[in-house]
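This is my_file_20.pdb. It holds PDB, N, CA and C atoms.
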```pdb
ATOM      1  N   MET Z   1      14.592 -13.714  -6.210
ATOM      2  CA  MET Z   1      13.981 -14.062  -4.938
ATOM      3  C   MET Z   1      12.662 -14.778  -5.223
ATOM      4  N   THR Z   2      12.430 -15.818  -4.498
ATOM      5  CA  THR Z   2      11.190 -16.577  -4.669
ATOM      6  C   THR Z   2      10.057 -15.922  -3.887
ATOM      7  N   ARG Z   3       8.845 -16.329  -4.203
ATOM      8  CA  ARG Z   3       7.670 -15.817  -3.480
ATOM      9  C   ARG Z   3       7.750 -16.199  -1.999
ATOM     10  N   VAL Z   4       8.153 -17.425  -1.743
ATOM     11  CA  VAL Z   4       8.273 -17.897  -0.361
ATOM     12  C   VAL Z   4       9.363 -17.116   0.375
ATOM     13  N   GLY Z   5      10.474 -16.848  -0.323
ATOM     14  CA  GLY Z   5      11.559 -16.081   0.280
ATOM     15  C   GLY Z   5      11.130 -14.659   0.628
ATOM     16  N   PHE Z   6      10.364 -14.039  -0.268
ATOM     17  CA  PHE Z   6       9.871 -12.689   0.004
ATOM     18  C   PHE Z   6       8.919 -12.695   1.193
ATOM     19  N   THR Z   7       8.026 -13.671   1.239
ATOM     20  CA  THR Z   7       7.082 -13.780   2.357
ATOM     21  C   THR Z   7       7.833 -13.976   3.666
ATOM     22  N   TYR Z   8       8.864 -14.798   3.649
ATOM     23  CA  TYR Z   8       9.678 -15.027   4.841
ATOM     24  C   TYR Z   8      10.301 -13.716   5.330
ATOM     25  N   LEU Z   9      10.914 -12.967   4.406
ATOM     26  CA  LEU Z   9      11.551 -11.697   4.795
ATOM     27  C   LEU Z   9      10.513 -10.679   5.267
ATOM     28  N   LEU Z  10       9.375 -10.630   4.602
ATOM     29  CA  LEU Z  10       8.326  -9.705   5.018
ATOM     30  C   LEU Z  10       7.869 -10.020   6.437
ATOM     31  N   ASP Z  11       7.609 -11.288   6.709
ATOM     32  CA  ASP Z  11       7.199 -11.702   8.057
ATOM     33  C   ASP Z  11       8.270 -11.362   9.094
ATOM     34  N   LYS Z  12       9.511 -11.595   8.736
ATOM     35  CA  LYS Z  12      10.633 -11.307   9.642
ATOM     36  C   LYS Z  12      10.669  -9.825  10.008
ATOM     37  N   TYR Z  13      10.550  -8.964   9.005
ATOM     38  CA  TYR Z  13      10.636  -7.526   9.263
ATOM     39  C   TYR Z  13       9.366  -6.962   9.892
ATOM     40  N   VAL Z  14       8.242  -7.587   9.641
ATOM     41  CA  VAL Z  14       7.018  -7.173  10.330
ATOM     42  C   VAL Z  14       7.163  -7.458  11.820
ATOM     43  N   CYS Z  15       7.698  -8.607  12.169
ATOM     44  CA  CYS Z  15       7.911  -8.948  13.583
ATOM     45  C   CYS Z  15       8.907  -7.992  14.239
ATOM     46  N   GLN Z  16       9.995  -7.666  13.539
ATOM     47  CA  GLN Z  16      10.972  -6.729  14.087
ATOM     48  C   GLN Z  16      10.369  -5.336  14.262
ATOM     49  N   THR Z  17       9.581  -4.908  13.291
ATOM     50  CA  THR Z  17       8.968  -3.580  13.339
ATOM     51  C   THR Z  17       7.895  -3.502  14.416
ATOM     52  N   ALA Z  18       7.239  -4.609  14.670
ATOM     53  CA  ALA Z  18       6.178  -4.641  15.676
ATOM     54  C   ALA Z  18       6.702  -4.312  17.072
ATOM     55  N   ALA Z  19       7.998  -4.470  17.292
ATOM     56  CA  ALA Z  19       8.579  -4.095  18.587
ATOM     57  C   ALA Z  19       8.404  -2.597  18.841
ATOM     58  N   ASN Z  20       8.440  -1.799  17.778
ATOM     59  CA  ASN Z  20       8.257  -0.345  17.891
ATOM     60  C   ASN Z  20       6.826   0.087  17.590
ATOM     61  N   CYS Z  21       6.071  -0.778  16.962
ATOM     62  CA  CYS Z  21       4.697  -0.458  16.572
ATOM     63  C   CYS Z  21       3.823  -1.684  16.871
ATOM     64  N   PRO Z  22       3.461  -1.894  18.147
ATOM     65  CA  PRO Z  22       2.745  -3.103  18.553
ATOM     66  C   PRO Z  22       1.420  -3.328  17.833
ATOM     67  N   THR Z  23       0.781  -2.261  17.358
ATOM     68  CA  THR Z  23      -0.497  -2.442  16.664
ATOM     69  C   THR Z  23      -0.322  -3.194  15.345
ATOM     70  N   LEU Z  24       0.892  -3.252  14.859
ATOM     71  CA  LEU Z  24       1.166  -3.978  13.619
ATOM     72  C   LEU Z  24       0.896  -5.472  13.771
ATOM     73  N   LEU Z  25       1.049  -5.988  14.978
ATOM     74  CA  LEU Z  25       0.817  -7.417  15.202
ATOM     75  C   LEU Z  25      -0.621  -7.833  14.907
ATOM     76  N   GLY Z  26      -1.556  -6.917  15.055
ATOM     77  CA  GLY Z  26      -2.953  -7.228  14.780
ATOM     78  C   GLY Z  26      -3.351  -7.042  13.326
ATOM     79  N   LYS Z  27      -2.408  -6.647  12.477
ATOM     80  CA  LYS Z  27      -2.689  -6.384  11.067
ATOM     81  C   LYS Z  27      -2.325  -7.586  10.213
ATOM     82  N   ARG Z  28      -3.060  -7.743   9.132
ATOM     83  CA  ARG Z  28      -2.720  -8.781   8.157
ATOM     84  C   ARG Z  28      -1.725  -8.169   7.175
ATOM     85  N   VAL Z  29      -0.517  -8.677   7.158
ATOM     86  CA  VAL Z  29       0.508  -8.182   6.247
ATOM     87  C   VAL Z  29       0.967  -9.353   5.388
ATOM     88  N   SER Z  30       0.818  -9.189   4.079
ATOM     89  CA  SER Z  30       1.226 -10.224   3.137
ATOM     90  C   SER Z  30       1.736  -9.538   1.878
ATOM     91  N   PRO Z  31       2.410 -10.265   1.010
ATOM     92  CA  PRO Z  31       2.846  -9.647  -0.247
ATOM     93  C   PRO Z  31       1.671  -9.048  -1.030
ATOM     94  N   HIS Z  32       0.535  -9.716  -1.028
ATOM     95  CA  HIS Z  32      -0.629  -9.206  -1.755
ATOM     96  C   HIS Z  32      -1.143  -7.910  -1.129
ATOM     97  N   VAL Z  33      -1.239  -7.868   0.181
ATOM     98  CA  VAL Z  33      -1.700  -6.659   0.869
ATOM     99  C   VAL Z  33      -0.713  -5.516   0.622
ATOM    100  N   LEU Z  34       0.576  -5.816   0.665
ATOM    101  CA  LEU Z  34       1.598  -4.807   0.410
ATOM    102  C   LEU Z  34       1.475  -4.263  -1.013
ATOM    103  N   ARG Z  35       1.287  -5.137  -1.968
ATOM    104  CA  ARG Z  35       1.131  -4.742  -3.382
ATOM    105  C   ARG Z  35      -0.104  -3.868  -3.565
ATOM    106  N   HIS Z  36      -1.214  -4.283  -2.959
ATOM    107  CA  HIS Z  36      -2.460  -3.530  -3.068
ATOM    108  C   HIS Z  36      -2.323  -2.156  -2.402
ATOM    109  N   SER Z  37      -1.699  -2.107  -1.243
ATOM    110  CA  SER Z  37      -1.510  -0.843  -0.531
ATOM    111  C   SER Z  37      -0.633   0.120  -1.336
ATOM    112  N   CYS Z  38       0.440  -0.393  -1.906
ATOM    113  CA  CYS Z  38       1.311   0.449  -2.730
ATOM    114  C   CYS Z  38       0.560   0.980  -3.948
ATOM    115  N   ALA Z  39      -0.255   0.142  -4.560
ATOM    116  CA  ALA Z  39      -1.045   0.577  -5.717
ATOM    117  C   ALA Z  39      -2.016   1.682  -5.321
ATOM    118  N   MET Z  40      -2.626   1.553  -4.149
ATOM    119  CA  MET Z  40      -3.558   2.586  -3.680
ATOM    120  C   MET Z  40      -2.827   3.898  -3.432
ATOM    121  N   VAL Z  41      -1.629   3.834  -2.882
ATOM    122  CA  VAL Z  41      -0.849   5.045  -2.631
ATOM    123  C   VAL Z  41      -0.482   5.710  -3.959
ATOM    124  N   ILE Z  42      -0.077   4.925  -4.938
ATOM    125  CA  ILE Z  42       0.258   5.473  -6.253
ATOM    126  C   ILE Z  42      -0.972   6.116  -6.889
ATOM    127  N   TYR Z  43      -2.113   5.446  -6.801
ATOM    128  CA  TYR Z  43      -3.339   5.997  -7.382
ATOM    129  C   TYR Z  43      -3.738   7.299  -6.686
ATOM    130  N   GLN Z  44      -3.670   7.317  -5.371
ATOM    131  CA  GLN Z  44      -4.036   8.518  -4.623
ATOM    132  C   GLN Z  44      -3.068   9.666  -4.927
ATOM    133  N   ALA Z  45      -1.796   9.350  -5.067
ATOM    134  CA  ALA Z  45      -0.790  10.386  -5.307
ATOM    135  C   ALA Z  45      -0.882  10.956  -6.718
ATOM    136  N   THR Z  46      -1.200  10.117  -7.694
ATOM    137  CA  THR Z  46      -1.178  10.569  -9.083
ATOM    138  C   THR Z  46      -2.559  10.780  -9.675
ATOM    139  N   GLY Z  47      -3.548  10.041  -9.179
ATOM    140  CA  GLY Z  47      -4.886  10.095  -9.780
ATOM    141  C   GLY Z  47      -4.897   9.488 -11.168
ATOM    142  N   ASP Z  48      -3.860   8.766 -11.519
ATOM    143  CA  ASP Z  48      -3.706   8.223 -12.876
ATOM    144  C   ASP Z  48      -3.703   6.695 -12.824
ATOM    145  N   LEU Z  49      -4.792   6.117 -13.258
ATOM    146  CA  LEU Z  49      -4.919   4.661 -13.239
ATOM    147  C   LEU Z  49      -3.914   3.992 -14.175
ATOM    148  N   ARG Z  50      -3.518   4.684 -15.233
ATOM    149  CA  ARG Z  50      -2.523   4.121 -16.149
ATOM    150  C   ARG Z  50      -1.200   3.870 -15.430
ATOM    151  N   LYS Z  51      -0.824   4.786 -14.534
ATOM    152  CA  LYS Z  51       0.426   4.605 -13.786
ATOM    153  C   LYS Z  51       0.334   3.437 -12.821
ATOM    154  N   VAL Z  52      -0.840   3.251 -12.236
ATOM    155  CA  VAL Z  52      -1.046   2.102 -11.345
ATOM    156  C   VAL Z  52      -0.923   0.814 -12.143
ATOM    157  N   ALA Z  53      -1.588   0.768 -13.299
ATOM    158  CA  ALA Z  53      -1.545  -0.431 -14.147
ATOM    159  C   ALA Z  53      -0.111  -0.726 -14.589
ATOM    160  N   LEU Z  54       0.627   0.315 -14.941
ATOM    161  CA  LEU Z  54       2.015   0.140 -15.354
ATOM    162  C   LEU Z  54       2.860  -0.408 -14.213
ATOM    163  N   TRP Z  55       2.702   0.179 -13.011
ATOM    164  CA  TRP Z  55       3.472  -0.259 -11.846
ATOM    165  C   TRP Z  55       3.164  -1.706 -11.482
ATOM    166  N   LEU Z  56       1.884  -2.085 -11.602
ATOM    167  CA  LEU Z  56       1.477  -3.441 -11.256
ATOM    168  C   LEU Z  56       1.792  -4.447 -12.359
ATOM    169  N   GLY Z  57       2.084  -3.948 -13.552
ATOM    170  CA  GLY Z  57       2.351  -4.839 -14.678
ATOM    171  C   GLY Z  57       1.092  -5.359 -15.330
ATOM    172  N   HIS Z  58      -0.017  -4.641 -15.175
ATOM    173  CA  HIS Z  58      -1.269  -5.059 -15.790
ATOM    174  C   HIS Z  58      -1.288  -4.638 -17.260
ATOM    175  N   ALA Z  59      -1.516  -5.580 -18.137
ATOM    176  CA  ALA Z  59      -1.621  -5.266 -19.561
ATOM    177  C   ALA Z  59      -2.991  -4.670 -19.881
ATOM    178  N   ASN Z  60      -3.984  -5.027 -19.090
ATOM    179  CA  ASN Z  60      -5.348  -4.584 -19.330
ATOM    180  C   ASN Z  60      -5.741  -3.571 -18.259
ATOM    181  N   MET Z  61      -6.192  -2.401 -18.684
ATOM    182  CA  MET Z  61      -6.588  -1.361 -17.733
ATOM    183  C   MET Z  61      -7.749  -1.812 -16.849
ATOM    184  N   GLN Z  62      -8.607  -2.678 -17.360
ATOM    185  CA  GLN Z  62      -9.751  -3.139 -16.572
ATOM    186  C   GLN Z  62      -9.301  -3.894 -15.327
ATOM    187  N   THR Z  63      -8.165  -4.540 -15.408
ATOM    188  CA  THR Z  63      -7.643  -5.258 -14.245
ATOM    189  C   THR Z  63      -7.293  -4.285 -13.131
ATOM    190  N   ALA Z  64      -6.793  -3.112 -13.498
ATOM    191  CA  ALA Z  64      -6.399  -2.109 -12.502
ATOM    192  C   ALA Z  64      -7.589  -1.308 -11.986
ATOM    193  N   GLU Z  65      -8.732  -1.416 -12.638
ATOM    194  CA  GLU Z  65      -9.899  -0.621 -12.238
ATOM    195  C   GLU Z  65     -10.429  -0.986 -10.858
ATOM    196  N   ILE Z  66     -10.016  -2.102 -10.303
ATOM    197  CA  ILE Z  66     -10.444  -2.474  -8.955
ATOM    198  C   ILE Z  66     -10.072  -1.385  -7.951
ATOM    199  N   TYR Z  67      -8.995  -0.640  -8.249
ATOM    200  CA  TYR Z  67      -8.553   0.406  -7.336
ATOM    201  C   TYR Z  67      -9.476   1.618  -7.356
ATOM    202  N   LEU Z  68     -10.286   1.742  -8.402
ATOM    203  CA  LEU Z  68     -11.290   2.809  -8.451
ATOM    204  C   LEU Z  68     -12.459   2.501  -7.531
ATOM    205  N   GLN Z  69     -12.687   1.216  -7.271
ATOM    206  CA  GLN Z  69     -13.813   0.798  -6.443
ATOM    207  C   GLN Z  69     -13.503   0.931  -4.952
ATOM    208  N   ALA Z  70     -12.251   0.968  -4.613
ATOM    209  CA  ALA Z  70     -11.862   1.110  -3.210
ATOM    210  C   ALA Z  70     -11.987   2.579  -2.809
ATOM    211  N   ASP Z  71     -12.236   2.832  -1.562
ATOM    212  CA  ASP Z  71     -12.352   4.194  -1.054
ATOM    213  C   ASP Z  71     -10.957   4.707  -0.712
ATOM    214  N   PRO Z  72     -10.382   5.566  -1.557
ATOM    215  CA  PRO Z  72      -9.020   6.033  -1.303
ATOM    216  C   PRO Z  72      -8.855   6.731   0.042
ATOM    217  N   ALA Z  73      -9.845   7.481   0.472
ATOM    218  CA  ALA Z  73      -9.721   8.181   1.754
ATOM    219  C   ALA Z  73      -9.604   7.184   2.902
ATOM    220  N   GLU Z  74     -10.380   6.130   2.842
ATOM    221  CA  GLU Z  74     -10.327   5.105   3.886
ATOM    222  C   GLU Z  74      -8.990   4.382   3.872
ATOM    223  N   LYS Z  75      -8.485   4.082   2.683
ATOM    224  CA  LYS Z  75      -7.190   3.420   2.574
ATOM    225  C   LYS Z  75      -6.076   4.329   3.096
ATOM    226  N   LEU Z  76      -6.143   5.609   2.745
ATOM    227  CA  LEU Z  76      -5.112   6.541   3.220
ATOM    228  C   LEU Z  76      -5.132   6.667   4.730
ATOM    229  N   GLU Z  77      -6.324   6.680   5.312
ATOM    230  CA  GLU Z  77      -6.424   6.742   6.772
ATOM    231  C   GLU Z  77      -5.749   5.526   7.395
ATOM    232  N   ALA Z  78      -5.965   4.362   6.796
ATOM    233  CA  ALA Z  78      -5.339   3.142   7.300
ATOM    234  C   ALA Z  78      -3.822   3.202   7.130
ATOM    235  N   ILE Z  79      -3.371   3.700   5.989
ATOM    236  CA  ILE Z  79      -1.936   3.795   5.738
ATOM    237  C   ILE Z  79      -1.288   4.766   6.714
ATOM    238  N   LYS Z  80      -1.934   5.911   6.953
ATOM    239  CA  LYS Z  80      -1.379   6.911   7.865
ATOM    240  C   LYS Z  80      -1.236   6.368   9.279
ATOM    241  N   SER Z  81      -2.058   5.394   9.624
ATOM    242  CA  SER Z  81      -1.981   4.847  10.977
ATOM    243  C   SER Z  81      -0.759   3.956  11.178
ATOM    244  N   VAL Z  82      -0.132   3.507  10.088
ATOM    245  CA  VAL Z  82       1.037   2.639  10.227
ATOM    246  C   VAL Z  82       2.291   3.185   9.556
ATOM    247  N   VAL Z  83       2.169   4.258   8.758
ATOM    248  CA  VAL Z  83       3.322   4.825   8.067
ATOM    249  C   VAL Z  83       4.046   5.792   9.005
ATOM    250  N   PRO Z  84       5.375   5.750   9.044
ATOM    251  CA  PRO Z  84       6.119   6.683   9.885
ATOM    252  C   PRO Z  84       5.748   8.130   9.564
ATOM    253  N   CYS Z  85       5.781   8.971  10.570
ATOM    254  CA  CYS Z  85       5.348  10.368  10.446
ATOM    255  C   CYS Z  85       6.037  11.104   9.304
ATOM    256  N   ARG Z  86       7.308  10.863   9.081
ATOM    257  CA  ARG Z  86       8.024  11.611   8.042
ATOM    258  C   ARG Z  86       7.467  11.318   6.657
ATOM    259  N   PHE Z  87       6.866  10.122   6.461
ATOM    260  CA  PHE Z  87       6.258   9.800   5.177
ATOM    261  C   PHE Z  87       4.807  10.257   5.143
ATOM    262  N   ALA Z  88       4.105  10.131   6.251
ATOM    263  CA  ALA Z  88       2.704  10.495   6.301
ATOM    264  C   ALA Z  88       2.514  12.006   6.166
ATOM    265  N   ALA Z  89       3.532  12.783   6.520
ATOM    266  CA  ALA Z  89       3.426  14.240   6.450
ATOM    267  C   ALA Z  89       3.387  14.742   5.020
ATOM    268  N   ALA Z  90       3.916  13.966   4.083
ATOM    269  CA  ALA Z  90       3.882  14.371   2.680
ATOM    270  C   ALA Z  90       2.466  14.237   2.168
ATOM    271  N   THR Z  91       1.969  15.283   1.563
ATOM    272  CA  THR Z  91       0.606  15.250   1.048
ATOM    273  C   THR Z  91       0.606  15.235  -0.454
ATOM    274  N   SER Z  92      -0.412  14.648  -1.018
ATOM    275  CA  SER Z  92      -0.555  14.549  -2.453
ATOM    276  C   SER Z  92      -1.227  15.807  -2.987
ATOM    277  N   PRO Z  93      -0.855  16.259  -4.182
ATOM    278  CA  PRO Z  93      -1.542  17.397  -4.776
ATOM    279  C   PRO Z  93      -2.973  17.046  -5.155
ATOM    280  N   HIS Z  94      -3.289  15.752  -5.238
ATOM    281  CA  HIS Z  94      -4.631  15.313  -5.602
ATOM    282  C   HIS Z  94      -5.506  15.065  -4.384
ATOM    283  N   GLN Z  95      -4.919  15.120  -3.212
ATOM    284  CA  GLN Z  95      -5.645  14.830  -1.981
ATOM    285  C   GLN Z  95      -6.458  16.065  -1.576
ATOM    286  N   THR Z  96      -7.711  15.835  -1.211
ATOM    287  CA  THR Z  96      -8.559  16.914  -0.748
ATOM    288  C   THR Z  96      -8.813  16.748   0.724
ATOM    289  N   ASP Z  97      -8.887  17.869   1.434
ATOM    290  CA  ASP Z  97      -9.143  17.808   2.884
ATOM    291  C   ASP Z  97     -10.581  18.109   3.170
TER     292      ASP Z  97
END
```

Would you encode the structure as structure tokens?
Amino acid sequence: MTRVGFTYLLDKYVCQTAANCPTLLGKRVSPHVLRHSCAMVIYQATGDLRKVALWLGHANMQTAEIYLQADPAEKLEAIKSVVPCRFAAATSPHQTD
């Protein structure tokens, strides 16, 4: 699949999903945002930057360190606002309340 093809499908499914979740229309959704969001979820769930780097395909750990600079709690709050309840209900063993 090409980058353009993936972007096309992502846009298509974002529009379809927005019918059930209208607030999605006001969000910026792109392959890069999706990749970054998934990396943040992996980091929050595992607390292991090596796993994030591996998932992203980063050869250098310093490249993945950008995820340490982001506020995981803020990202999780944003994710919970758009993730279906059945997924948002799962909590990470590394998550603190």

Gap from atom CA of Val4 of chain Z to atom CA of Ser30 of chain Z - Å, one decimal: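 So the two atoms, atom CA of Val4 of chain Z and atom CA of Ser30 of chain Z, lie 11.0 Å apart.
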
Selection: 7 Å around Thr7 of chain Z, only N, CA and C atoms, excl. self and same-chain fewer than 4 positions, as a list in words: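 Surrounding residues, per the criterion: Thr2, Arg3, Asp11, Lys12, Ser30 and Pro31 of chain Z.
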
Between atom CA of Tyr43 of chain Z and atom CA of Thr17 of chain Z - distance in Å to one decimal: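 We find that atom CA of Thr17 of chain Z and atom CA of Tyr43 of chain Z lie 25.9 Å from each other.
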
Explicit residues for the PyMOL selection byres (((chain Z and resi 60-64 and name CA) around 12) and name CA) (as an MDAnalysis selection string): chainID Z and resid 36 39:40 42:43 48:59 65:70

Find the smallest box with edges along x, y and z containing every listed atom of segment 10-29 of chain Z, then add 8 Å on each side and report centre and edge lengths in Å to one decimal, as AutoDock Vina command-line options.
```
--center_x 3.8 --center_y -5.8 --center_z 11.7 --size_x 30.3 --size_y 27.8 --size_z 30.2
```

Point-to-point distance from atom CA of Val14 of chain Z to atom C of Arg35 of chain Z, Å rounded to tenths: 16.0 Å

Those of segment 1-90 of chain Z in DSSP helix (DSSP H, G or I), formatted as number ranges by chain: Z: 3-18, 22-26, 31-46, 49-56, 61-64, 66-69, 72-82, 85-88

Distance criterion (only C-alpha atoms): nearest to Leu25 of chain Z out of Z:Val82, Z:Ala73, Z:Cys38, Z:Met1: Z:Val82

Selection near Tyr13 of chain Z, 12 Å with only C-alpha atoms, sequence-local residues under 5 positions removed, as a ChimeraX atom specification: /Z:6-8,18-21,24-25,29-30
